[in-house]
Amino acid sequence: MNDYLNHKWRNWVNEERRPQKRILREGIPRQSKKEIKTLDLEALIPQINESWGDPSNVSRQEVERLLSRVAQGGTLISKINKLNEFVNSCKGDDISRCATMASSTILSRLMALGIFSAIVYDFGASTQGFLFEVFMAAMLGADAQQVIASQQRKGGAGGDIADIVSTEQGPMSLKFFKSTEKGGGSDHIAGSVNDLLSSINQYGQPIPYLIAIKHTGGSGDVHEIAFYEFNIGANAHSTHPKAKSFLETNPIPEGMAGDVDIFAEGENWIKGTEFSLPITLLLGKTIKGHRGKGLDRPLAVLSFGSRDELQDIANNYVAQLGEDVTAIYNSLASLSTNINKYLLNSNNKTAGNQAVQDAKELARRTKKVVPTDRA
């Protein structure tokens with residue numbers, strides 16, 4: 001899985017349609033295309049894998065530092081809004097908002113753009129859901145962690161329906177859906193009734209759900225992602241025909257009905273051992289007993305864009321990078337290549353000598369961008 005995910009992420013940088021060849025401005029108007037110099041930029045590539053869901057893992061700590069420069073703020077709403085600002089701050093011809101950004105900020109945002117673009121466009125639904133979980137755990141930061149799969153066993157008593165949990169946010173179940181507006185999307189939020197009741201008992205609260213719905217145009221490009229947050233609970237004294245057997249097996253405290261009670265009177269949301277809530281709860285349709293609770297209003301909306309638009313944003317960010325920063329990445333890529341040639345090809349002396357020169361150039365360029373007043 002890790003190799004596959006890493007390959008897909010690398011494709012965002014390396015495929016011809018992706019912005020590997022970057023246009024760098026050198027103090028000239030953007031429209032002066034003939035005077036613009038083109039250089040390669042090999043970005044450092046975070047490894048997309050399940051370790052992002054573990055706050056003690058080095059990979060998670062690295063990506064958390066990366067995202068901290070992109071999505072600052074203590075609350076989930078503020079983080080999503082900062083992410084939205086990041087996507088839109090260097091879009092189109094007006095690049096004034098990102099023209100003064102520090103090189104480190106630009107590089108962080110470039111890598112984050114690639115990560116989120118890969119999640120949205122390069123994977124199937126099940127893998128997208130998995131990556132969305134680890135991405136959100138890393139974006140929440142601190143001790144937020146993904147709940148391991150063995151705790152999420154379905155159908156039996158004692159399972160955990162939460163996908164991530166943290167001291168600040170508590171438990172949270174995540175869903176990443178494609179809107180059904182053009183057909184082919186998900187139309188239900190489903191899960192194990194026993195796992196839901198077990199989690200309500202474990203955490204002493206109805207379980208919050210964060211739902212991200214991708215809205216697409218006719219071409220299939222994602223033009224926005226709407227985030228909804230609400231909690232799902234159950235009435236401990238429900239008279240619903242299917243409630244009794246579940247509550248006898250896994251009784252819960254009073255006051256746990258939540259925003260949406262899976263045992264709501266007059267609703268048939270229990271299918272066997274699973275609950276299944278219509279996505280129309282979030283899309284403004286009238287559902288008995290639930291209209292007016294604000295479930296049809298997004299928590300936040302993330303403007304996104306087509307692959308071409310995201311490539312333009314990436315190019316705009318890179319246009320702000322100085323030649324020295326670009327040269328650092330090129331020297332690093334060349335150093336890595338020549339070291340590999342030296343080690344794997346019978347101690348190739350030519351490659352070894354070139355690696356030495358690459359290292360010297362890398363050191364020289366790095367010193368130029370390090371502030372001289374740093375202790």
# chains A, B, ... in the order shown; residues from 1 in each chain; ligands from 1
>>> closest_atom_pairs(of="range 170-257 of chain A", to="range 108-131 of chain A", cutoff="10 Å", atoms="only C-alpha atoms", output="Markdown table")
| residue | atom | partner | partner_atom | distance |
| --- | --- | --- | --- | --- |
| A:Leu174 | CA | A:Gly129 | CA | 7.9 |
| A:Lys175 | CA | A:Gly129 | CA | 6.6 |
| A:Phe176 | CA | A:Gly129 | CA | 5.5 |
| A:Phe177 | CA | A:Ala125 | CA | 7.9 |
| A:Lys178 | CA | A:Ala125 | CA | 8.6 |
| A:Gly185 | CA | A:Ala125 | CA | 9.7 |
| A:Ser186 | CA | A:Ala125 | CA | 9.7 |
| A:Ala212 | CA | A:Gly129 | CA | 9.9 |
| A:Lys214 | CA | A:Val120 | CA | 8.6 |
| A:Gly220 | CA | A:Tyr121 | CA | 9.7 |
| A:Asp221 | CA | A:Tyr121 | CA | 8.4 |
| A:Val222 | CA | A:Val120 | CA | 8.0 |
| A:Ile225 | CA | A:Val120 | CA | 9.8 |
>>> write_last_selection(atoms="C-alpha atoms", output="tab-separated table (two decimals), in the first residue's frame")
chain	number	residue	atom	x	y	z
A	174	LEU	CA	-14.98	10.94	8.97
A	175	LYS	CA	-16.63	10.45	5.60
A	176	PHE	CA	-15.36	11.70	2.24
A	177	PHE	CA	-18.13	11.57	-0.37
A	178	LYS	CA	-18.74	12.53	-3.94
A	185	GLY	CA	-21.89	9.49	-5.67
A	186	SER	CA	-22.65	8.18	-2.20
A	212	ALA	CA	-16.72	16.20	3.32
A	214	LYS	CA	-17.03	16.85	-3.20
A	220	GLY	CA	-15.78	15.57	-13.19
A	221	ASP	CA	-13.48	18.25	-11.76
A	222	VAL	CA	-14.05	19.15	-8.12
A	225	ILE	CA	-15.64	20.54	-1.04
>>> residues_around(residues="Ser173 in chain A", least_positions_apart="2", cutoff="9 Å", atoms="only C-alpha atoms", output="MDAnalysis selection string")
chainID A and resid 133 161:165 171 175 207:211
>>> select_by_dssp(residues="range 208-331 of chain A", states="strand (DSSP E)", output="MDAnalysis selection string")
chainID A and resid 208:216 222:233 260:261 270:271 274:278 300:303
>>> write_last_selection(atoms="N, CA and C atoms", output="CSV table (one decimal), in the first residue's frame")
chain,number,residue,atom,x,y,z
A,208,PRO,N,-19.5,12.7,17.1
A,208,PRO,CA,-19.4,13.7,16.0
A,208,PRO,C,-19.0,13.1,14.7
A,209,TYR,N,-19.6,13.5,13.6
A,209,TYR,CA,-19.2,13.1,12.3
A,209,TYR,C,-18.8,14.3,11.5
A,210,LEU,N,-17.7,14.2,10.8
A,210,LEU,CA,-17.2,15.2,9.9
A,210,LEU,C,-17.4,14.7,8.5
A,211,ILE,N,-18.3,15.3,7.7
A,211,ILE,CA,-18.6,14.8,6.4
A,211,ILE,C,-18.0,15.8,5.3
A,212,ALA,N,-17.2,15.3,4.4
A,212,ALA,CA,-16.7,16.2,3.3
A,212,ALA,C,-17.4,15.7,2.0
A,213,ILE,N,-18.1,16.6,1.4
A,213,ILE,CA,-18.8,16.2,0.1
A,213,ILE,C,-18.1,17.0,-1.0
A,214,LYS,N,-17.6,16.3,-2.0
A,214,LYS,CA,-17.0,16.9,-3.2
A,214,LYS,C,-18.1,17.2,-4.2
A,215,HIS,N,-18.2,18.4,-4.6
A,215,HIS,CA,-19.2,18.8,-5.6
A,215,HIS,C,-18.4,19.0,-6.9
A,216,THR,N,-18.9,18.3,-7.9
A,216,THR,CA,-18.2,18.3,-9.2
A,216,THR,C,-19.0,18.9,-10.3
A,222,VAL,N,-13.5,18.7,-9.4
A,222,VAL,CA,-14.1,19.2,-8.1
A,222,VAL,C,-14.0,20.7,-8.0
A,223,HIS,N,-15.1,21.3,-8.0
A,223,HIS,CA,-15.1,22.8,-7.9
A,223,HIS,C,-15.2,23.3,-6.4
A,224,GLU,N,-15.7,22.4,-5.5
A,224,GLU,CA,-15.7,22.8,-4.1
A,224,GLU,C,-15.9,21.5,-3.2
A,225,ILE,N,-15.4,21.6,-2.0
A,225,ILE,CA,-15.6,20.5,-1.0
A,225,ILE,C,-16.3,21.2,0.2
A,226,ALA,N,-17.5,20.7,0.4
A,226,ALA,CA,-18.3,21.3,1.6
A,226,ALA,C,-18.2,20.4,2.8
A,227,PHE,N,-17.9,21.0,3.9
A,227,PHE,CA,-17.7,20.2,5.2
A,227,PHE,C,-18.9,20.4,6.1
A,228,TYR,N,-19.4,19.3,6.6
A,228,TYR,CA,-20.5,19.4,7.5
A,228,TYR,C,-20.1,18.7,8.8
A,229,GLU,N,-20.5,19.2,10.0
A,229,GLU,CA,-20.2,18.5,11.2
A,229,GLU,C,-21.5,18.4,12.0
A,230,PHE,N,-21.8,17.2,12.5
A,230,PHE,CA,-23.0,17.0,13.4
A,230,PHE,C,-22.7,15.7,14.2
A,231,ASN,N,-23.5,15.4,15.2
A,231,ASN,CA,-23.3,14.2,15.9
A,231,ASN,C,-24.5,13.2,15.8
A,232,ILE,N,-24.1,11.9,15.8
A,232,ILE,CA,-25.1,10.9,15.7
A,232,ILE,C,-25.2,10.2,17.1
A,233,GLY,N,-26.4,10.1,17.6
A,233,GLY,CA,-26.6,9.4,18.9
A,233,GLY,C,-27.8,8.4,18.8
A,260,VAL,N,-28.8,13.8,15.4
A,260,VAL,CA,-29.6,12.8,14.7
A,260,VAL,C,-29.7,11.5,15.5
A,261,ASP,N,-30.9,11.1,15.9
A,261,ASP,CA,-31.1,9.9,16.7
A,261,ASP,C,-31.4,8.8,15.7
A,270,ILE,N,-32.5,1.8,10.3
A,270,ILE,CA,-31.8,0.6,10.8
A,270,ILE,C,-32.0,-0.5,9.7
A,271,LYS,N,-30.9,-1.0,9.1
A,271,LYS,CA,-31.0,-2.1,8.1
A,271,LYS,C,-30.1,-3.2,8.6
A,274,GLU,N,-26.9,-2.6,10.7
A,274,GLU,CA,-26.3,-1.3,10.3
A,274,GLU,C,-27.3,-0.2,10.4
A,275,PHE,N,-26.9,1.0,10.6
A,275,PHE,CA,-27.7,2.2,10.4
A,275,PHE,C,-27.3,2.8,9.1
A,276,SER,N,-28.2,3.5,8.5
A,276,SER,CA,-28.0,4.1,7.2
A,276,SER,C,-28.8,5.4,7.1
A,277,LEU,N,-28.1,6.5,7.2
A,277,LEU,CA,-28.7,7.8,7.1
A,277,LEU,C,-28.6,8.4,5.8
A,278,PRO,N,-29.7,9.0,5.2
A,278,PRO,CA,-29.7,9.6,3.9
A,278,PRO,C,-28.8,10.8,3.9
A,300,ALA,N,-17.9,24.6,6.6
A,300,ALA,CA,-17.0,25.4,5.8
A,300,ALA,C,-17.0,24.9,4.4
A,301,VAL,N,-16.6,25.7,3.4
A,301,VAL,CA,-16.6,25.3,2.0
A,301,VAL,C,-15.2,25.6,1.5
A,302,LEU,N,-14.6,24.6,1.0
A,302,LEU,CA,-13.2,24.7,0.5
A,302,LEU,C,-13.3,24.8,-1.1
A,303,SER,N,-13.0,26.0,-1.6
A,303,SER,CA,-12.9,26.1,-3.0
A,303,SER,C,-11.8,25.3,-3.6
